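So this block is entry.txt, compact mmCIF, C-alpha atoms:
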# COMPACT_ATOMS: atom_id res chain seq x y z
CA MET X 24 -12.41 3.16 26.92
CA ARG X 25 -11.59 0.69 24.19
CA TYR X 26 -15.12 -0.73 24.45
CA VAL X 27 -16.50 2.71 23.65
CA LEU X 28 -14.09 3.31 20.77
CA THR X 29 -14.72 -0.09 19.22
CA PHE X 30 -18.45 0.40 19.50
CA ILE X 31 -18.32 3.83 17.87
CA ILE X 32 -16.21 2.56 14.97
CA LEU X 33 -18.43 -0.49 14.42
CA PHE X 34 -21.61 1.54 14.58
CA ALA X 35 -20.28 4.14 12.14
CA HIS X 36 -19.58 1.29 9.73
CA TRP X 37 -23.07 -0.12 10.29
CA ILE X 38 -24.62 3.21 9.36
CA ILE X 39 -22.45 3.61 6.26
CA TRP X 40 -23.12 0.14 4.92
CA SER X 41 -26.83 -0.07 5.72
CA GLY X 42 -27.90 3.45 4.77
CA ILE X 43 -31.35 2.92 6.34
CA PHE X 44 -32.26 5.20 9.20
CA ASP X 45 -35.47 3.88 10.75
CA ALA X 46 -35.68 2.81 14.36
CA TYR X 47 -35.86 -0.90 13.54
CA HIS X 48 -32.60 -1.07 11.61
CA LEU X 49 -30.73 1.25 13.96
CA SER X 50 -31.72 -0.78 17.01
CA LEU X 51 -30.62 -3.97 15.24
CA GLY X 52 -27.31 -2.20 14.64
CA VAL X 53 -26.93 -1.24 18.28
CA ILE X 54 -27.60 -4.81 19.40
CA SER X 55 -25.25 -6.51 16.94
CA CYS X 56 -22.48 -3.92 17.42
CA GLY X 57 -22.84 -4.43 21.17
CA ILE X 58 -22.41 -8.19 20.82
CA VAL X 59 -19.40 -7.84 18.51
CA THR X 60 -17.83 -5.24 20.81
CA TYR X 61 -18.26 -7.55 23.78
CA THR X 62 -16.71 -10.57 22.06
CA SER X 63 -13.88 -8.96 20.10
CA HIS X 64 -12.99 -5.60 21.69
CA SER X 65 -9.39 -6.73 22.18
CA LEU X 66 -8.83 -7.31 18.46
CA LEU X 67 -9.05 -3.69 17.40
CA PHE X 68 -7.23 -2.02 20.30
CA GLU X 69 -4.69 -4.14 22.07
CA ARG X 70 -3.70 -1.60 24.65
CA LYS X 71 -5.93 -0.76 27.56
CA GLU X 72 -5.00 2.87 28.20
CA PHE X 73 -4.88 5.72 25.77
CA ARG X 74 -2.45 8.57 26.12
CA ALA X 75 -1.78 11.66 24.03
CA VAL X 76 1.19 9.83 22.46
CA HIS X 77 -1.12 7.45 20.63
CA ILE X 78 -3.15 10.24 19.10
CA LYS X 79 0.13 11.75 17.93
CA GLU X 80 0.97 8.42 16.29
CA VAL X 81 -2.27 8.55 14.32
CA THR X 82 -1.74 12.11 13.11
CA ARG X 83 1.84 11.28 12.10
CA PHE X 84 0.59 8.23 10.26
CA ILE X 85 -1.90 10.31 8.27
CA LYS X 86 0.85 12.80 7.40
CA TYR X 87 3.08 9.91 6.34
CA PHE X 88 0.29 8.53 4.18
CA PHE X 89 0.12 11.70 2.12
CA TRP X 90 3.89 11.70 1.64
CA LEU X 91 3.70 8.02 0.64
CA PHE X 92 0.99 8.73 -1.90
CA TYR X 93 3.20 11.40 -3.48
CA GLN X 94 6.07 8.88 -3.66
CA ILE X 95 3.74 6.31 -5.21
CA VAL X 96 2.78 8.72 -7.98
CA LEU X 97 6.44 9.56 -8.70
CA ALA X 98 7.51 5.92 -8.77
CA ASN X 99 4.49 4.89 -10.82
CA ILE X 100 5.44 7.36 -13.53
CA HIS X 101 9.01 6.01 -13.43
CA VAL X 102 7.90 2.39 -13.84
CA MET X 103 5.37 3.36 -16.50
CA ARG X 104 8.14 5.02 -18.50
CA ILE X 105 10.25 1.87 -18.25
CA SER X 106 7.48 -0.49 -19.26
CA LEU X 107 6.46 1.61 -22.26
CA SER X 108 10.01 2.30 -23.42
CA PRO X 109 11.19 0.50 -26.56
CA ARG X 110 14.61 -0.10 -24.94
CA MET X 111 13.04 -1.69 -21.87
CA LEU X 112 15.61 -4.46 -21.50
CA ASP X 113 18.48 -1.95 -21.35
CA LEU X 114 16.81 0.15 -18.70
CA ILE X 115 16.00 -2.52 -16.16
CA ASP X 116 18.54 -4.12 -13.86
CA PRO X 117 16.43 -6.33 -11.61
CA ARG X 118 17.82 -8.15 -8.60
CA ILE X 119 17.08 -8.90 -4.99
CA ILE X 120 18.85 -6.57 -2.59
CA LYS X 121 19.39 -7.42 1.05
CA PHE X 122 19.75 -4.76 3.72
CA LYS X 123 19.67 -4.58 7.49
CA THR X 124 16.87 -2.63 9.10
CA LYS X 125 17.00 -0.63 12.31
CA LEU X 126 13.27 -0.95 12.95
CA LYS X 127 12.26 -3.20 15.84
CA LYS X 128 8.52 -3.06 16.47
CA ASP X 129 6.26 -5.35 14.48
CA ILE X 130 3.94 -2.56 13.44
CA SER X 131 6.76 -0.48 11.97
CA LEU X 132 8.22 -3.50 10.15
CA VAL X 133 4.82 -4.15 8.58
CA THR X 134 4.28 -0.52 7.67
CA PHE X 135 7.72 -0.26 6.09
CA ALA X 136 7.27 -3.52 4.16
CA ASN X 137 3.88 -2.45 2.84
CA SER X 138 5.23 0.96 1.89
CA ILE X 139 8.05 -0.68 -0.07
CA ILE X 140 5.56 -2.80 -1.97
CA LEU X 141 3.20 0.10 -2.62
CA THR X 142 6.03 2.09 -4.15
CA PRO X 143 6.35 0.63 -7.64
CA GLY X 144 9.68 -0.82 -8.62
CA THR X 145 10.30 -2.52 -5.29
CA ILE X 146 8.71 -5.59 -3.69
CA THR X 147 9.48 -6.88 -0.22
CA VAL X 148 10.17 -10.56 -0.81
CA ILE X 149 10.87 -11.71 2.73
CA ILE X 150 11.97 -10.37 6.11
CA GLU X 151 14.39 -12.60 7.95
CA GLU X 152 16.37 -11.94 11.14
CA GLY X 153 16.32 -8.19 10.75
CA TYR X 154 17.18 -8.28 7.06
CA TYR X 155 14.87 -7.12 4.32
CA TYR X 156 15.04 -8.93 0.99
CA VAL X 157 13.67 -6.51 -1.59
CA HIS X 158 13.32 -7.13 -5.29
CA ALA X 159 14.16 -3.91 -7.12
CA LEU X 160 13.44 -3.22 -10.75
CA ASP X 161 16.44 -1.01 -11.47
CA ARG X 162 19.26 0.82 -9.74
CA LYS X 163 17.46 4.10 -9.36
CA VAL X 164 14.63 2.69 -7.23
CA ALA X 165 17.11 0.53 -5.28
CA GLU X 166 19.18 3.56 -4.33
CA ASP X 167 16.22 5.08 -2.46
CA LEU X 168 16.29 2.18 0.01
CA PRO X 169 16.29 2.08 2.98
CA GLY X 170 16.81 5.82 3.18
CA GLU X 171 14.20 8.39 3.95
CA MET X 172 11.25 6.03 4.08
CA GLU X 173 12.72 3.97 6.92
CA ASP X 174 13.49 7.12 8.91
CA ARG X 175 9.95 8.35 8.48
CA VAL X 176 8.40 5.03 9.52
CA GLY X 177 10.68 4.95 12.56
CA HIS X 178 9.60 8.49 13.35
CA ILE X 179 5.87 7.64 13.30
CA PHE X 180 6.18 4.87 15.85
CA MET X 181 8.80 6.75 17.87
CA GLU X 182 11.65 4.37 17.39
CA ASP X 183 14.14 7.16 16.79
CA ARG X 184 14.13 7.98 20.50
CA HIS X 185 13.66 4.70 22.29
CA GLY X 186 15.65 2.53 19.90
CA MET O 7 -17.70 17.55 -11.26
CA ALA O 8 -18.08 15.30 -14.30
CA PRO O 9 -15.03 16.63 -16.24
CA VAL O 10 -12.78 16.07 -13.20
CA ALA O 11 -14.17 12.55 -12.89
CA VAL O 12 -13.51 11.83 -16.56
CA VAL O 13 -9.93 13.07 -16.28
CA LEU O 14 -9.30 10.96 -13.15
CA ILE O 15 -10.79 7.84 -14.72
CA SER O 16 -8.78 8.33 -17.92
CA ILE O 17 -5.50 8.71 -16.04
CA GLY O 18 -6.34 5.67 -13.93
CA VAL O 19 -7.15 3.55 -16.97
CA PHE O 20 -3.93 4.70 -18.61
CA PHE O 21 -1.90 3.56 -15.59
CA MET O 22 -3.59 0.17 -15.64
CA PHE O 23 -3.01 -0.07 -19.39
CA SER O 24 0.71 0.59 -18.93
CA GLY O 25 0.73 -2.01 -16.16
CA THR O 26 -0.67 -4.60 -18.54
CA ILE O 27 1.84 -3.66 -21.23
CA GLY O 28 4.61 -4.06 -18.68
CA PHE O 29 3.21 -7.43 -17.65
CA LEU O 30 3.46 -8.64 -21.22
CA ARG O 31 6.92 -7.22 -21.88
CA PHE O 32 8.96 -7.82 -18.73
CA PRO O 33 11.29 -10.82 -18.82
CA ASP O 34 10.54 -12.87 -15.71
CA PHE O 35 8.22 -13.59 -12.80
CA PHE O 36 9.47 -10.97 -10.33
CA THR O 37 9.57 -8.10 -12.79
CA ARG O 38 6.09 -8.97 -13.97
CA MET O 39 4.82 -8.77 -10.41
CA HIS O 40 6.15 -5.22 -10.38
CA SER O 41 3.92 -4.08 -13.15
CA THR O 42 0.73 -6.00 -12.34
CA GLY O 43 0.81 -5.59 -8.60
CA LYS O 44 1.53 -1.94 -8.52
CA SER O 45 0.58 0.08 -11.51
CA ASP O 46 -2.85 -1.13 -10.50
CA THR O 47 -2.81 0.47 -7.05
CA LEU O 48 -2.60 3.98 -8.40
CA GLY O 49 -4.83 3.11 -11.37
CA ILE O 50 -7.55 1.68 -9.14
CA VAL O 51 -7.45 4.53 -6.65
CA LEU O 52 -7.68 7.17 -9.37
CA THR O 53 -10.44 5.31 -11.22
CA LEU O 54 -12.51 4.74 -8.09
CA THR O 55 -12.10 8.35 -6.96
CA GLY O 56 -13.31 9.40 -10.40
CA LEU O 57 -16.32 7.08 -10.13
CA ALA O 58 -17.16 8.40 -6.66
CA LEU O 59 -17.11 11.98 -7.97
CA TYR O 60 -19.15 11.02 -11.03
CA ASN O 61 -21.75 9.40 -8.80
CA LEU O 62 -22.15 12.64 -6.86
CA ASP O 63 -22.78 14.49 -10.09
CA HIS O 64 -26.44 13.44 -10.29
CA GLY O 65 -27.56 15.39 -7.24
CA LEU O 66 -25.99 15.35 -3.82
CA THR O 67 -28.40 13.26 -1.75
CA LEU O 68 -27.67 11.15 1.31
CA ALA O 69 -28.07 7.92 -0.68
CA SER O 70 -25.63 8.92 -3.43
CA PHE O 71 -23.19 10.24 -0.84
CA LEU O 72 -23.25 6.86 0.91
CA VAL O 73 -22.62 5.08 -2.39
CA SER O 74 -19.61 7.33 -3.05
CA LEU O 75 -18.34 6.64 0.45
CA LYS O 76 -18.60 2.90 -0.18
CA ILE O 77 -16.64 3.29 -3.42
CA MET O 78 -13.90 5.08 -1.51
CA PHE O 79 -13.89 2.23 1.00
CA ILE O 80 -13.14 -0.18 -1.86
CA ALA O 81 -10.13 1.99 -2.71
CA ILE O 82 -8.91 1.92 0.89
CA PHE O 83 -9.27 -1.87 1.16
CA TRP O 84 -7.47 -2.24 -2.16
CA PHE O 85 -4.63 -0.12 -0.80
CA ALA O 86 -4.28 -2.44 2.17
CA GLY O 87 -4.88 -5.71 0.32
CA SER O 88 -2.91 -5.33 -2.89
CA PRO O 89 0.60 -5.09 -1.37
CA THR O 90 -0.15 -8.02 0.92
CA VAL O 91 -1.16 -10.21 -2.01
CA THR O 92 1.86 -9.12 -4.05
CA HIS O 93 4.13 -9.94 -1.14
CA ALA O 94 2.51 -13.35 -0.60
CA ILE O 95 2.92 -14.39 -4.24
CA THR O 96 6.49 -13.10 -4.47
CA ARG O 97 7.45 -14.77 -1.20
CA ALA O 98 6.02 -18.06 -2.44
CA ALA O 99 8.07 -17.74 -5.63
CA PHE O 100 11.22 -16.95 -3.64
CA LYS O 101 10.66 -19.91 -1.34
CA SER O 102 10.17 -22.27 -4.27
CA LYS O 103 13.55 -21.08 -5.62
CA ILE O 104 12.49 -19.32 -8.80
CA GLU O 105 15.63 -17.59 -10.04
CA PRO O 106 15.21 -13.89 -10.74
CA TRP O 107 16.24 -12.69 -14.17
CA THR O 108 19.41 -10.62 -13.74
CA LYS O 109 21.98 -9.03 -15.98
CA ASP O 110 25.07 -10.28 -14.20
CA GLY O 111 23.85 -13.50 -12.61
CA ARG O 112 24.00 -12.38 -8.98
CA SER O 113 20.42 -12.60 -7.85
CA VAL O 114 20.86 -11.52 -4.21
CA ILE O 115 23.30 -8.74 -3.26
CA ASP O 116 23.96 -6.87 -0.04
CA TRP O 117 22.84 -3.28 0.06
CA PRO O 118 24.25 -0.68 -0.05
CA PRO O 119 26.98 -2.21 -2.24
CA ASP O 120 30.69 -1.68 -1.60
CA LYS O 121 32.41 1.04 -3.54
CA GLU O 122 34.28 -1.29 -5.87
CA GLU O 123 31.07 -3.01 -6.89
CA THR O 124 29.35 0.13 -8.09
CA LYS O 125 32.07 0.82 -10.66
Could you show the structure in this file as structure tokens?
Amino acid sequence: MRYVLTFIILFAHWIIWSGIFDAYHLSLGVISCGIVTYTSHSLLFERKEFRAVHIKEVTRFIKYFFWLFYQIVLANIHVMRISLSPRMLDLIDPRIIKFKTKLKKDISLVTFANSIILTPGTITVIIEEGYYYVHALDRKVAEDLPGEMEDRVGHIFMEDRHG
Amino acid sequence: MAPVAVVLISIGVFFMFSGTIGFLRFPDFFTRMHSTGKSDTLGIVLTLTGLALYNLDHGLTLASFLVSLKIMFIAIFWFAGSPTVTHAITRAAFKSKIEPWTKDGRSVIDWPPDKEETK
């Protein structure tokens, strides 16, 4: 199953990047995608079986992405207002905040860390022993952490049920 | 399609402009990373979306559609790459003990703070 999926994804990319549709180039694509699939199929999909749960994960992730984009726009406007304000030094209150996370899986830790960085005003500095060190630009952006975003990330990867 | 593209590109350029202003004005390393690393994500995505739409404006053929698709791929890779780079640089600064600029001298605090601290 994962051979087929990897091959389909690779071949779709081949078509997009080459943009040439004669038999010669397409057969070259089939051959090279076949070789790459054979050598590195385990890189893209680690698991061997696919269940309905995993498709659900993907749809939840896409939903989460749209919510994240909305948050990015909001936070971007906030940071833009700070950086253009004449009283900039009064508005900011930067520091590194340290909080414990309830996420366990690697993939959710990475997603949460990347989401924190993508939201302007906060940067994940380091993750150590279950603690996130986040540099926050002012109190308002710091108050949103960990909050709703962590719950949503936990919800995507189903950590709210299995712990 | 062209007016939409122009609006998107203008907004994107404005975000990147404000990011640069912030980079010049903020007081220290970490706060500067805020404005360069991130105002750019939204700025780049909006600008590239505008460019992709503008490219479709000259006739919707397969070739121009593929070019627009490639432009959108740049935006997606930027979305994945930019936070990683920001994190790597900030982490390196933290490890080499660069002190963040703070108002009260406490650079690392537990969160959420106790009630007495917020007063």
Could you work out how far atom CA of Ile31 of chain X lies from atom CA of Leu132 of chain X, giving the answer in Å with one decimal? 28.6 Å
So the first atom is atom CA of Val157 of chain X and the second is atom CA of Ile119 of chain X; what is the distance between them in Å, to one decimal place? 5.4 Å
Taking only C-alpha atoms into account, what are the residues of chain X at most 7 Å from chain O, put as a ChimeraX atom specification? /X:39,42,99,103,106-107,116-122,137,140-141,143-144,146-149,160
Please compute the atom CA of Tyr155 of chain X-atom CA of Gly177 of chain X distance, one decimal, in Å. 15.2 Å
With 6 Å as the threshold, what does the neighbourhood of (-8.1, 8.0, -13.2) contain in terms of residues, counting only C-alpha atoms? Coordinates are those of the file; answer as a PyMOL selection string. chain O and resi 14-19+52-53
Exercise: residues within 12 Å of coordinate (-17.8, -6.5, 21.7), counting all atoms listed in the file, as a list in words: Arg25, Tyr26, Val27, Leu28, Thr29, Phe30, Ile31, Ile32, Leu33, Phe34, Val53, Ile54, Ser55, Cys56, Gly57, Ile58, Val59, Thr60, Tyr61, Thr62, Ser63, His64, Ser65, Leu66, Leu67 and Phe68 of chain X
Calculated over all atoms listed in the file, which of the candidates O:Ser74, O:Phe35, O:Val91, O:Val13 has the smallest distance to Leu59 of chain O?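 Once distances to Leu59 of chain O are computed over all atoms listed in the file, the minimum belongs to O:Ser74.
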In terms of the shortest atom-to-atom distance over all atoms listed in the file, which of X:Leu114, X:Leu126, X:Ile95, X:Met181 is closest to Ser138 of chain X?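 Distance minimum relative to Ser138 of chain X lands on X:Ile95.
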